[in-house]
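Shown here: entry.cif, mmCIF, C-alpha atoms.
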```cif
data_protein
#
loop_
_atom_site.label_atom_id
_atom_site.label_comp_id
_atom_site.auth_asym_id
_atom_site.auth_seq_id
_atom_site.Cartn_x
_atom_site.Cartn_y
_atom_site.Cartn_z
CA MET A 17 -21.96 -13.46 5.21
CA THR A 18 -22.71 -9.84 6.02
CA THR A 19 -25.82 -7.73 5.68
CA ASP A 20 -26.31 -3.99 5.53
CA PRO A 21 -25.07 -2.34 8.72
CA VAL A 22 -27.51 -1.50 11.46
CA SER A 23 -28.09 2.25 11.15
CA ALA A 24 -26.16 4.14 13.81
CA SER A 25 -28.36 5.64 16.50
CA GLY A 26 -25.97 8.47 17.34
CA THR A 27 -25.38 7.26 20.91
CA VAL A 28 -21.89 6.25 22.03
CA HIS A 29 -21.11 4.30 25.22
CA TRP A 30 -17.43 4.79 26.16
CA ILE A 31 -16.47 2.19 28.77
CA GLY A 32 -13.47 2.90 30.97
CA ALA A 33 -11.75 6.15 31.88
CA GLY A 34 -8.17 5.01 32.32
CA LEU A 35 -4.96 6.60 31.10
CA SER A 36 -5.70 6.02 27.40
CA THR A 37 -8.95 7.96 27.58
CA GLY A 38 -8.08 11.45 26.40
CA SER A 39 -9.20 14.09 23.94
CA GLY A 40 -10.74 11.49 21.65
CA LEU A 41 -13.67 11.36 24.04
CA ALA A 42 -14.06 15.13 23.70
CA ALA A 43 -14.05 14.76 19.92
CA LEU A 44 -16.93 12.31 20.15
CA CYS A 45 -18.84 14.71 22.36
CA ASP A 46 -18.59 17.14 19.43
CA THR A 47 -19.94 14.69 16.85
CA ALA A 48 -22.17 12.09 18.53
CA GLU A 49 -25.72 12.96 19.53
CA ARG A 50 -25.23 11.47 22.99
CA VAL A 51 -22.19 10.13 24.89
CA ARG A 52 -22.23 8.08 28.07
CA LEU A 53 -19.04 7.44 30.03
CA TRP A 54 -19.12 4.21 32.00
CA HIS A 55 -16.62 3.66 34.81
CA ARG A 56 -16.36 1.65 38.04
CA THR A 57 -18.73 3.98 39.83
CA GLU A 58 -20.85 6.88 38.67
CA SER A 59 -18.84 9.27 40.83
CA ARG A 60 -15.57 8.12 39.25
CA ALA A 61 -17.09 8.58 35.81
CA ALA A 62 -18.19 12.10 36.81
CA ASP A 63 -14.70 12.85 38.16
CA ALA A 64 -13.17 11.69 34.88
CA LEU A 65 -15.49 13.96 32.92
CA ASP A 66 -14.48 16.88 35.16
CA ARG A 67 -10.82 16.09 34.59
CA LEU A 68 -11.35 16.03 30.83
CA GLY A 69 -13.42 19.22 30.86
CA LEU A 70 -16.49 17.34 29.68
CA ALA A 71 -18.85 17.76 32.63
CA GLY A 72 -22.36 18.22 31.26
CA ARG A 73 -21.36 17.00 27.80
CA ALA A 74 -21.45 13.28 28.58
CA GLU A 75 -23.53 11.27 31.04
CA PRO A 76 -21.66 9.41 33.82
CA ARG A 77 -22.66 5.81 34.49
CA ALA A 78 -21.57 2.98 36.83
CA TYR A 79 -20.43 0.09 34.67
CA THR A 80 -21.57 -3.48 34.91
CA LEU A 81 -22.36 -5.54 31.85
CA PRO A 82 -26.04 -5.98 32.83
CA ALA A 83 -26.37 -2.23 33.49
CA LEU A 84 -24.93 -1.43 30.08
CA ALA A 85 -27.12 -4.02 28.35
CA ALA A 86 -30.19 -2.46 29.92
CA GLU A 87 -29.38 0.85 28.19
CA LEU A 88 -28.13 -0.46 24.84
CA ALA A 89 -30.30 0.21 21.81
CA PRO A 90 -29.87 -1.02 18.22
CA GLY A 91 -27.31 1.14 16.40
CA ASP A 92 -25.57 2.37 19.56
CA VAL A 93 -21.77 2.22 19.50
CA VAL A 94 -19.92 0.61 22.41
CA VAL A 95 -16.28 1.69 22.84
CA SER A 96 -14.33 -0.66 25.10
CA MET A 97 -11.31 0.64 26.95
CA LEU A 98 -11.47 -2.41 29.22
CA PRO A 99 -8.74 -5.09 29.42
CA ALA A 100 -8.70 -7.29 26.31
CA PRO A 101 -10.17 -10.41 28.02
CA GLU A 102 -13.37 -8.42 28.67
CA HIS A 103 -13.98 -7.58 25.01
CA ALA A 104 -15.57 -10.88 23.99
CA PRO A 105 -18.47 -10.90 26.49
CA LEU A 106 -19.07 -7.24 25.73
CA LEU A 107 -19.16 -7.95 22.00
CA ALA A 108 -21.60 -10.81 22.58
CA GLU A 109 -24.06 -8.36 24.15
CA CYS A 110 -23.54 -5.95 21.25
CA VAL A 111 -24.36 -8.66 18.71
CA ARG A 112 -27.40 -9.76 20.69
CA LEU A 113 -28.76 -6.21 20.89
CA GLY A 114 -27.65 -4.92 17.48
CA ALA A 115 -25.06 -2.45 18.77
CA HIS A 116 -21.71 -1.73 17.12
CA PHE A 117 -18.40 -2.40 18.91
CA ALA A 118 -15.04 -0.63 18.86
CA CYS A 119 -11.72 -1.08 20.69
CA SER A 120 -8.02 -0.35 20.21
CA SER A 121 -6.79 -3.87 21.10
CA TYR A 122 -5.46 -6.67 18.95
CA VAL A 123 -8.14 -9.10 17.80
CA SER A 124 -8.37 -12.11 20.10
CA GLN A 125 -9.62 -15.52 19.02
CA ALA A 126 -12.63 -15.05 21.31
CA VAL A 127 -13.55 -11.89 19.39
CA LEU A 128 -12.86 -13.49 15.99
CA ASP A 129 -15.22 -16.33 16.86
CA GLN A 130 -18.07 -13.82 17.07
CA VAL A 131 -17.34 -11.94 13.86
CA PRO A 132 -19.55 -14.12 11.60
CA ALA A 133 -22.55 -13.55 13.86
CA ALA A 134 -21.77 -9.84 14.02
CA GLY A 135 -21.60 -9.55 10.23
CA LYS A 136 -24.87 -11.43 9.83
CA ALA A 137 -26.48 -9.08 12.37
CA GLY A 138 -25.21 -5.97 10.57
CA VAL A 139 -22.91 -5.07 13.47
CA VAL A 140 -19.58 -3.30 12.87
CA VAL A 141 -16.65 -4.71 14.87
CA LEU A 142 -13.84 -2.13 14.82
CA THR A 143 -10.55 -3.31 16.34
CA GLU A 144 -6.85 -2.39 16.35
CA ALA A 145 -7.82 1.28 16.06
CA GLY A 146 -5.38 2.95 18.44
CA LEU A 147 -1.66 3.72 18.18
CA ASP A 148 -0.04 0.29 17.97
CA PRO A 149 -2.09 -1.41 16.72
CA GLY A 150 -3.81 1.32 14.74
CA ILE A 151 -1.77 4.19 13.34
CA ASP A 152 1.00 1.71 12.51
CA HIS A 153 -1.48 -0.12 10.23
CA LEU A 154 -2.42 3.15 8.51
CA PHE A 155 1.24 3.98 7.89
CA ALA A 156 1.98 0.51 6.51
CA HIS A 157 -1.01 0.42 4.14
CA ALA A 158 -0.15 3.87 2.80
CA LEU A 159 3.52 2.98 2.23
CA VAL A 160 2.70 -0.31 0.51
CA ALA A 161 0.30 1.46 -1.85
CA ARG A 162 2.93 4.04 -2.82
CA ALA A 163 5.54 1.32 -3.39
CA ARG A 164 3.14 -0.78 -5.49
CA GLU A 165 2.47 2.21 -7.72
CA ALA A 166 6.19 2.89 -8.15
CA ILE A 167 7.42 -0.70 -8.58
CA GLY A 168 4.42 -2.59 -9.95
CA ASP A 169 2.47 -5.50 -8.46
CA GLN A 170 3.80 -8.08 -10.90
CA THR A 171 7.43 -6.97 -10.86
CA PRO A 172 9.65 -9.39 -8.89
CA ALA A 173 11.19 -7.50 -5.99
CA SER A 174 12.47 -7.90 -2.45
CA TYR A 175 11.58 -5.64 0.44
CA THR A 176 12.27 -4.69 4.03
CA LEU A 177 9.41 -3.45 6.18
CA THR A 178 10.02 -2.43 9.79
CA SER A 179 7.45 -1.00 12.20
CA TYR A 180 8.64 0.02 15.64
CA CYS A 181 6.64 1.81 18.33
CA GLY A 182 7.32 2.76 21.93
CA GLY A 183 6.14 4.91 24.77
CA VAL A 184 9.18 6.33 26.58
CA PRO A 185 9.96 9.17 29.01
CA ALA A 186 10.27 12.56 27.32
CA VAL A 187 13.13 13.24 29.75
CA PRO A 188 15.20 10.05 30.03
CA ASN A 189 15.91 8.56 33.46
CA ASP A 190 18.58 6.02 34.39
CA PHE A 191 16.11 3.16 33.89
CA THR A 192 15.17 4.58 30.43
CA TYR A 193 11.49 3.93 31.21
CA ARG A 194 8.63 4.98 33.46
CA PHE A 195 5.61 2.83 34.25
CA SER A 196 2.21 4.46 33.92
CA TRP A 197 -0.01 1.38 33.73
CA ALA A 198 -0.01 -2.40 33.26
CA PRO A 199 3.54 -3.10 34.49
CA ALA A 200 2.82 -6.84 34.38
CA GLY A 201 1.83 -6.50 30.72
CA VAL A 202 5.22 -5.00 29.86
CA LEU A 203 7.08 -7.88 31.50
CA ASN A 204 4.82 -10.63 30.17
CA ALA A 205 5.23 -9.32 26.62
CA LEU A 206 8.98 -9.82 27.05
CA ARG A 207 8.34 -13.42 28.15
CA SER A 208 6.38 -14.18 24.95
CA PRO A 209 8.28 -15.47 21.88
CA ALA A 210 8.35 -13.19 18.84
CA ARG A 211 8.13 -14.44 15.22
CA TYR A 212 9.38 -12.30 12.34
CA ILE A 213 11.25 -12.51 9.03
CA GLU A 214 14.98 -11.85 8.91
CA GLY A 215 17.33 -12.62 6.02
CA GLY A 216 14.38 -13.94 4.03
CA ALA A 217 13.53 -16.63 6.59
CA GLU A 218 11.06 -16.87 9.44
CA THR A 219 12.80 -16.46 12.80
CA VAL A 220 11.59 -16.92 16.36
CA ALA A 221 13.12 -15.09 19.32
CA ASP A 222 12.15 -17.01 22.46
CA ARG A 223 13.46 -14.09 24.51
CA PRO A 224 12.68 -11.02 22.42
CA TRP A 225 15.14 -8.78 24.25
CA GLU A 226 17.98 -11.02 23.04
CA ALA A 227 17.15 -9.86 19.49
CA THR A 228 17.55 -6.17 20.43
CA ARG A 229 19.43 -4.02 17.94
CA ARG A 230 20.26 -0.35 17.43
CA HIS A 231 17.84 1.55 15.20
CA VAL A 232 18.41 5.12 14.03
CA VAL A 233 15.32 7.28 13.56
CA ASP A 234 15.74 10.81 12.24
CA GLY A 235 19.32 10.88 13.47
CA GLU A 236 18.52 9.57 16.98
CA THR A 237 19.60 6.11 18.11
CA PHE A 238 17.06 3.83 19.78
CA GLU A 239 17.00 0.16 20.70
CA VAL A 240 14.34 -2.08 19.15
CA TYR A 241 13.23 -5.68 19.48
CA PRO A 242 10.56 -7.85 17.79
CA ASN A 243 7.16 -8.21 19.43
CA ARG A 244 4.39 -10.80 19.03
CA ASP A 245 3.90 -12.48 15.64
CA SER A 246 4.79 -10.22 12.72
CA VAL A 247 4.26 -12.79 9.95
CA PRO A 248 0.45 -12.58 9.52
CA PHE A 249 0.76 -8.85 8.78
CA VAL A 250 2.47 -9.59 5.43
CA ALA A 251 -0.96 -10.60 4.13
CA GLN A 252 -2.85 -7.98 6.16
CA TYR A 253 -0.77 -5.17 4.65
CA GLY A 254 -1.32 -6.45 1.10
CA LEU A 255 2.29 -6.98 0.03
CA PRO A 256 2.25 -8.31 -3.59
CA ASP A 257 2.89 -12.02 -4.11
CA ALA A 258 5.63 -11.16 -6.59
CA TRP A 259 7.62 -9.48 -3.81
CA THR A 260 9.63 -11.47 -1.29
CA PRO A 261 10.54 -10.18 2.18
CA ARG A 262 14.14 -9.70 3.16
CA THR A 263 13.04 -8.40 6.55
CA PHE A 264 9.55 -7.98 7.98
CA VAL A 265 9.31 -7.10 11.64
CA ARG A 266 6.90 -5.28 13.91
CA GLY A 267 8.42 -4.48 17.25
CA THR A 268 8.92 -2.30 20.29
CA LEU A 269 11.13 0.79 20.51
CA ARG A 270 13.06 1.82 23.61
CA LEU A 271 15.57 4.54 24.44
CA GLU A 272 19.26 3.91 23.86
CA GLY A 273 20.74 2.18 26.90
CA TRP A 274 17.57 0.18 27.66
CA LEU A 275 19.21 -3.22 27.20
CA ARG A 276 21.93 -2.36 29.71
CA ALA A 277 19.61 -0.66 32.20
CA TRP A 278 17.23 -3.61 32.26
CA GLY A 279 19.90 -6.30 32.66
CA GLY A 280 18.70 -7.25 36.14
CA VAL A 281 15.09 -7.45 34.93
CA PHE A 282 16.04 -9.87 32.18
CA GLU A 283 17.79 -12.15 34.67
CA GLU A 284 14.58 -12.22 36.72
CA LEU A 285 12.53 -12.99 33.60
CA LYS A 286 14.76 -15.96 32.80
CA ARG A 287 14.34 -17.68 36.14
CA GLY A 288 11.24 -16.21 37.79
CA ASP A 289 7.86 -17.93 38.00
CA ASP A 290 4.53 -16.17 37.47
CA ALA A 291 4.28 -15.11 41.11
CA ARG A 292 7.77 -13.63 41.12
CA ILE A 293 7.18 -11.76 37.85
CA ALA A 294 3.93 -10.30 39.19
CA ALA A 295 5.77 -9.12 42.29
CA LEU A 296 8.61 -7.73 40.18
CA ALA A 297 6.13 -5.74 38.12
CA GLN A 298 4.84 -4.03 41.25
CA GLU A 299 8.37 -3.34 42.51
CA LEU A 300 9.39 -1.75 39.22
CA ALA A 301 6.22 0.34 39.02
CA ALA A 302 6.91 1.66 42.51
CA ALA A 303 10.56 2.38 41.76
CA HIS A 304 10.00 4.02 38.35
CA PRO A 305 6.52 5.59 38.31
CA THR A 306 5.18 8.27 36.03
CA THR A 307 4.37 11.30 38.19
CA ASP A 308 2.21 14.32 37.40
CA ASP A 309 5.38 16.23 36.57
CA ASP A 310 6.58 13.71 33.97
CA ARG A 311 5.80 13.89 30.28
CA ASP A 312 5.67 10.86 28.05
CA ARG A 313 6.92 10.58 24.48
CA VAL A 314 5.53 8.33 21.76
CA VAL A 315 7.70 7.34 18.81
CA LEU A 316 6.30 5.30 15.90
CA ALA A 317 8.55 4.69 12.89
CA VAL A 318 7.37 2.60 9.93
CA SER A 319 9.68 2.15 6.92
CA LEU A 320 9.48 0.25 3.63
CA ASP A 321 12.35 -0.35 1.20
CA VAL A 322 11.64 -2.18 -2.09
CA ARG A 323 14.25 -3.28 -4.63
CA ALA A 324 13.15 -4.74 -7.97
CA GLY A 325 15.22 -7.07 -10.11
CA THR A 326 15.09 -4.45 -12.83
CA GLY A 327 17.12 -2.12 -10.64
CA ARG A 328 14.14 0.04 -9.79
CA THR A 329 13.92 0.96 -6.09
CA TRP A 330 11.47 2.73 -3.80
CA ALA A 331 11.88 3.65 -0.14
CA GLY A 332 9.82 5.66 2.28
CA GLY A 333 8.77 5.96 5.87
CA TYR A 334 6.40 7.59 8.31
CA LEU A 335 7.53 9.02 11.64
CA LEU A 336 5.29 10.05 14.52
CA ASP A 337 7.17 11.61 17.46
CA LEU A 338 4.93 13.31 20.03
CA VAL A 339 5.40 14.52 23.61
CA GLY A 340 2.55 14.73 26.11
CA ASP A 341 1.52 17.95 27.81
CA ALA A 342 -0.24 19.01 31.00
CA ARG A 343 -3.66 18.24 29.50
CA GLU A 344 -3.03 14.67 28.35
CA SER A 345 -0.29 12.18 27.63
CA ALA A 346 0.95 11.57 24.11
CA MET A 347 -0.25 7.97 24.45
CA ALA A 348 -3.80 9.04 25.37
CA ARG A 349 -3.86 11.51 22.49
CA CYS A 350 -2.80 8.93 19.91
CA VAL A 351 -4.97 6.08 21.16
CA SER A 352 -8.15 7.98 21.96
CA ARG A 353 -8.17 10.25 18.90
CA THR A 354 -7.60 7.35 16.52
CA LEU A 355 -10.31 5.31 18.18
CA ALA A 356 -12.70 8.27 18.15
CA LEU A 357 -12.03 8.76 14.43
CA GLY A 358 -12.96 5.14 13.81
CA VAL A 359 -16.13 5.52 15.85
CA ARG A 360 -17.10 8.56 13.80
CA HIS A 361 -16.88 6.39 10.70
CA VAL A 362 -19.14 3.85 12.39
CA LEU A 363 -21.58 6.67 13.12
CA ASP A 364 -21.56 7.88 9.51
CA GLY A 365 -22.15 4.37 8.17
CA SER A 366 -18.95 4.16 6.12
CA LEU A 367 -17.53 1.04 7.81
CA PRO A 368 -18.97 -2.32 6.71
CA PRO A 369 -20.45 -4.87 9.12
CA GLY A 370 -18.08 -7.52 10.44
CA LEU A 371 -14.40 -7.16 11.28
CA ASN A 372 -12.48 -3.95 10.60
CA ARG A 373 -8.86 -3.56 11.72
CA ALA A 374 -8.51 0.23 11.70
CA ALA A 375 -8.58 1.27 8.03
CA GLU A 376 -7.75 -1.72 5.85
CA THR A 377 -7.34 -0.12 2.42
CA ALA A 378 -4.77 2.38 1.20
CA ALA A 379 -7.40 4.95 0.25
CA ARG A 380 -9.15 4.76 3.61
CA SER A 381 -5.80 4.84 5.43
CA GLU A 382 -4.84 8.03 3.62
CA GLN A 383 -8.22 9.50 4.57
CA TRP A 384 -7.76 8.61 8.24
CA LEU A 385 -4.22 9.98 8.28
CA SER A 386 -5.40 13.28 6.82
CA GLU A 387 -8.11 13.50 9.46
CA LEU A 388 -5.72 12.65 12.30
CA ALA A 389 -3.23 15.26 11.12
CA ARG A 390 -5.96 17.91 11.15
CA GLU A 391 -6.83 16.92 14.71
CA GLY A 392 -3.36 17.25 16.20
CA VAL A 393 -1.79 13.82 15.74
CA GLU A 394 1.24 15.03 13.81
CA PHE A 395 3.61 12.90 11.73
CA THR A 396 5.92 13.20 8.74
CA LEU A 397 6.30 11.21 5.51
CA ARG A 398 9.67 10.67 3.85
CA VAL A 399 9.94 9.26 0.33
CA ASP A 400 13.30 8.40 -1.30
CA GLN A 401 13.14 7.47 -4.99
#
```
Written as C-alpha cells, how would this file's structure read?
Amino acid sequence: MTTDPVSASGTVHWIGAGLSTGSGLAALCDTAERVRLWHRTESRAADALDRLGLAGRAEPRAYTLPALAAELAPGDVVVSMLPAPEHAPLLAECVRLGAHFACSSYVSQAVLDQVPAAGKAGVVVLTEAGLDPGIDHLFAHALVARAREAIGDQTPASYTLTSYCGGVPAVPNDFTYRFSWAPAGVLNALRSPARYIEGGAETVADRPWEATRRHVVDGETFEVYPNRDSVPFVAQYGLPDAWTPRTFVRGTLRLEGWLRAWGGVFEELKRGDDARIAALAQELAAAHPTTDDDRDRVVLAVSLDVRAGTGRTWAGGYLLDLVGDARESAMARCVSRTLALGVRHVLDGSLPPGLNRAAETAARSEQWLSELAREGVEFTLRVDQ
C-alpha cells in the first residue's frame, strides 16, 4: 500500500564524496534549494566541495547517522554514496522521519524489507539509478518498447538481449585494467556464481570468468562475462510472455586480452581463502593503480534482437562509450549525473512512493535518456529493421 508522496522540501543531503561523486552534485546545486555534503569530517567535505568547484554552493557536514538524523526534515532527500550495507539503516531513518532516499546500488533484501513501510509513509525509495545499474535499465526498457511496437506483444517470437558494461583504462596497459576503488569488490564479484540464459536454458557459471567470450562493439573486440543473476531482469524489463529468450545475459565488459592477462589472478581465486583474496586485492591495487594522469573509459552496450515466427525481425542497440577528462572520470559523470537526474524527479514529485529502480517504464526511460543526453552523457542508438 502506498500513499501520496511526502512533498519534497527542496533540501538534498548527499552523503559521501568518493570517486563516483562528480558533476551530478553540481547539477543538484543548480536545482535544489539547499544541498548539504556529508563526509567523514567537515574539513574533508569542504575539501571535496573545493575540488568540485562548489565551495559556497553546498554546506559541508561531518557524517554520522545521528548527526544526519538531527538535521533531517520531512520531504528532504537523502542521497547515499555509502557502501551498500549502510543503505538499510540510513533508509530506516528516512522512513522514520519522512525523508526520501536515493542511491545507485542494486536493491538489497534489507532495503526491500523496508519498502512497504516507506510506501505507506509516502517516502520515495530510488535505487539502481547510476550507470550499471541505472543507464543499462533505461536502455533495455527503451529497446523492449521499440521491439514490442514492431513485433507485437502477442506474436510468438524468440529474442536475444545482452547488456555489458565495464570501466576500463582509456589507454590500455599490460594488465588491461587499473584499480581506482574497491579492489576487493572486483575480485569478490568474480568469486560469485552468475546465472543467465543461454541456448534457451538457464545456466550457472560458478566461475564467471570461465564463461568469457569475445564481443564486438562498434567494430572493436572486447571480452565479456556474465555477472550476478540476470534472470529476474526478464520480468523487470517487461519482455512479453509470448516471447521466449534464446539468450538473456547482463555482464561485465573488459578489454581484449583480459582473460590472458589475469590468468594468475584466476588461479589465486580458485584456491585462495578470504584473507588471501583480501591481500591480493591490495597487491593488485598497488601494482595497477589509477593515477592523476590516467583517464578512464566507460563502455555500456545493450542490444536486443527479436525474431518472430512470422519471419518478422527487429534488432537494435544502445552504445555509451565515454572517456574521462581532467575534471572528472567517465564513471563519476555517468553515475552522479544519472543519480542527480533521479533526485530531481523526486524533488518535482513525479516519482511515486515506494520502490523505484531508475525509470521503470519505456516512456519515463526515454525522458531520462533525453535529459541525460542534454547534460553530457552521450550515447548512440542503432536500429536494424
Q: To verify the selection step, state as a VMD selection string which residues the PyMOL selection byres ((chain A and resi 368-385) around 9) yields on this input.
A: chain A and resid 17 to 22 116 120 122 to 123 128 131 to 146 149 to 151 153 to 162 252 to 254 354 to 355 357 to 358 362 365 to 367 386 to 390 393
Could those residues be written to a file, using C-alpha atoms, as a JSON list (two decimals), keeping the file's coordinate frame?
```
[["chain", "number", "residue", "atom", "x", "y", "z"],
["A", 17, "MET", "CA", -21.96, -13.46, 5.21],
["A", 18, "THR", "CA", -22.71, -9.84, 6.02],
["A", 19, "THR", "CA", -25.82, -7.73, 5.68],
["A", 20, "ASP", "CA", -26.31, -3.99, 5.53],
["A", 21, "PRO", "CA", -25.07, -2.34, 8.72],
["A", 22, "VAL", "CA", -27.51, -1.50, 11.46],
["A", 116, "HIS", "CA", -21.71, -1.73, 17.12],
["A", 120, "SER", "CA", -8.02, -0.35, 20.21],
["A", 122, "TYR", "CA", -5.46, -6.67, 18.95],
["A", 123, "VAL", "CA", -8.14, -9.10, 17.80],
["A", 128, "LEU", "CA", -12.86, -13.49, 15.99],
["A", 131, "VAL", "CA", -17.34, -11.94, 13.86],
["A", 132, "PRO", "CA", -19.55, -14.12, 11.60],
["A", 133, "ALA", "CA", -22.55, -13.55, 13.86],
["A", 134, "ALA", "CA", -21.77, -9.84, 14.02],
["A", 135, "GLY", "CA", -21.60, -9.55, 10.23],
["A", 136, "LYS", "CA", -24.87, -11.43, 9.83],
["A", 137, "ALA", "CA", -26.48, -9.08, 12.37],
["A", 138, "GLY", "CA", -25.21, -5.97, 10.57],
["A", 139, "VAL", "CA", -22.91, -5.07, 13.47],
["A", 140, "VAL", "CA", -19.58, -3.30, 12.87],
["A", 141, "VAL", "CA", -16.65, -4.71, 14.87],
["A", 142, "LEU", "CA", -13.84, -2.13, 14.82],
["A", 143, "THR", "CA", -10.55, -3.31, 16.34],
["A", 144, "GLU", "CA", -6.85, -2.39, 16.35],
["A", 145, "ALA", "CA", -7.82, 1.28, 16.06],
["A", 146, "GLY", "CA", -5.38, 2.95, 18.44],
["A", 149, "PRO", "CA", -2.09, -1.41, 16.72],
["A", 150, "GLY", "CA", -3.81, 1.32, 14.74],
["A", 151, "ILE", "CA", -1.77, 4.19, 13.34],
["A", 153, "HIS", "CA", -1.48, -0.12, 10.23],
["A", 154, "LEU", "CA", -2.42, 3.15, 8.51],
["A", 155, "PHE", "CA", 1.24, 3.98, 7.89],
["A", 156, "ALA", "CA", 1.98, 0.51, 6.51],
["A", 157, "HIS", "CA", -1.01, 0.42, 4.14],
["A", 158, "ALA", "CA", -0.15, 3.87, 2.80],
["A", 159, "LEU", "CA", 3.52, 2.98, 2.23],
["A", 160, "VAL", "CA", 2.70, -0.31, 0.51],
["A", 161, "ALA", "CA", 0.30, 1.46, -1.85],
["A", 162, "ARG", "CA", 2.93, 4.04, -2.82],
["A", 252, "GLN", "CA", -2.85, -7.98, 6.16],
["A", 253, "TYR", "CA", -0.77, -5.17, 4.65],
["A", 254, "GLY", "CA", -1.32, -6.45, 1.10],
["A", 354, "THR", "CA", -7.60, 7.35, 16.52],
["A", 355, "LEU", "CA", -10.31, 5.31, 18.18],
["A", 357, "LEU", "CA", -12.03, 8.76, 14.43],
["A", 358, "GLY", "CA", -12.96, 5.14, 13.81],
["A", 362, "VAL", "CA", -19.14, 3.85, 12.39],
["A", 365, "GLY", "CA", -22.15, 4.37, 8.17],
["A", 366, "SER", "CA", -18.95, 4.16, 6.12],
["A", 367, "LEU", "CA", -17.53, 1.04, 7.81],
["A", 386, "SER", "CA", -5.40, 13.28, 6.82],
["A", 387, "GLU", "CA", -8.11, 13.50, 9.46],
["A", 388, "LEU", "CA", -5.72, 12.65, 12.30],
["A", 389, "ALA", "CA", -3.23, 15.26, 11.12],
["A", 390, "ARG", "CA", -5.96, 17.91, 11.15],
["A", 393, "VAL", "CA", -1.79, 13.82, 15.74]]
```
Q: For the file shown, report as a VMD selection string the outcome of the PyMOL selection byres ((chain A and resi 316-318) around 10) at residue level.
A: chain A and resid 147 to 148 151 to 156 159 177 to 183 232 to 234 266 268 to 269 314 to 315 319 to 320 332 to 338 395 to 397
Q: Report as a ChimeraX atom specification the residues that result from applying the PyMOL selection byres ((chain A and resi 245-247) around 9) to the structure here.
A: /A:209-213,218,220,242-244,248-251,264-267
Q: Calculate how many Å separate atom CA of A:Trp54 from atom CA of A:Asp341, rounding to one decimal.
A: 25.1 Å
Q) Need the neighbours of (14.6, -17.2, 29.8): which residues are at most 12 Å away, counting all atoms listed in the file, as a PyMOL selection string? A) chain A and resi 204+206-209+221-226+281-289
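Using only C-alpha atoms for every distance, the candidate list A:Leu107, A:Leu88, A:Ala200, A:Leu275 yields A:Ala200 as the residue closest to A:Ala291.
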Q: Kindly indicate which residue among A:Arg164, A:Arg311, A:Arg292, A:His55 lies nearest to A:Ala348, using all atoms listed in the file for the distances.
A: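 Looking only at the distances to A:Ala348, the closest residue turns out to be A:Arg311.
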Q | Within 9 Å of A:Ala64 using all atoms listed in the file, minus same-chain residues under 3 positions, as a ChimeraX atom specification | A | /A:33-34,53,55,59-61,67-71,76
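Atom CA of A:Gly279 to atom CA of A:Tyr241 spans 14.8 Å [interatomic distance, one decimal].
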Centre and size of axis-aligned box enclosing stretch 347-364 of chain A plus 5 Å each side, as JSON:
```
{"center_x": -10.9, "center_y": 7.7, "center_z": 17.4, "size_x": 31.3, "size_y": 17.7, "size_z": 25.9}
```
Q: Have a look at A:Ala24, A:Ala166, A:Val187, A:Val127 and name the one nearest to A:Pro101; count all atoms listed in the file.
A: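 For A:Pro101, the nearest of the candidates is A:Val127.
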Q.
So the first atom is atom CA of A:Val184 and the second is atom CA of A:Leu296; what is the distance between them in Å, to one decimal place?
A.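 A separation of 19.6 Å between them.
Proximity to A:Ala356 was assessed for A:Arg73, A:Gly216, A:Glu165, A:Glu391 counting only C-alpha atoms; the smallest distance is recorded for A:Glu391.
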Q: Write out as a ChimeraX atom specification the residues lying within 8 Å of A:Glu239, counting all atoms listed in the file and excluding same-chain residues fewer than 4 positions away.
A: /A:228-231,269-275
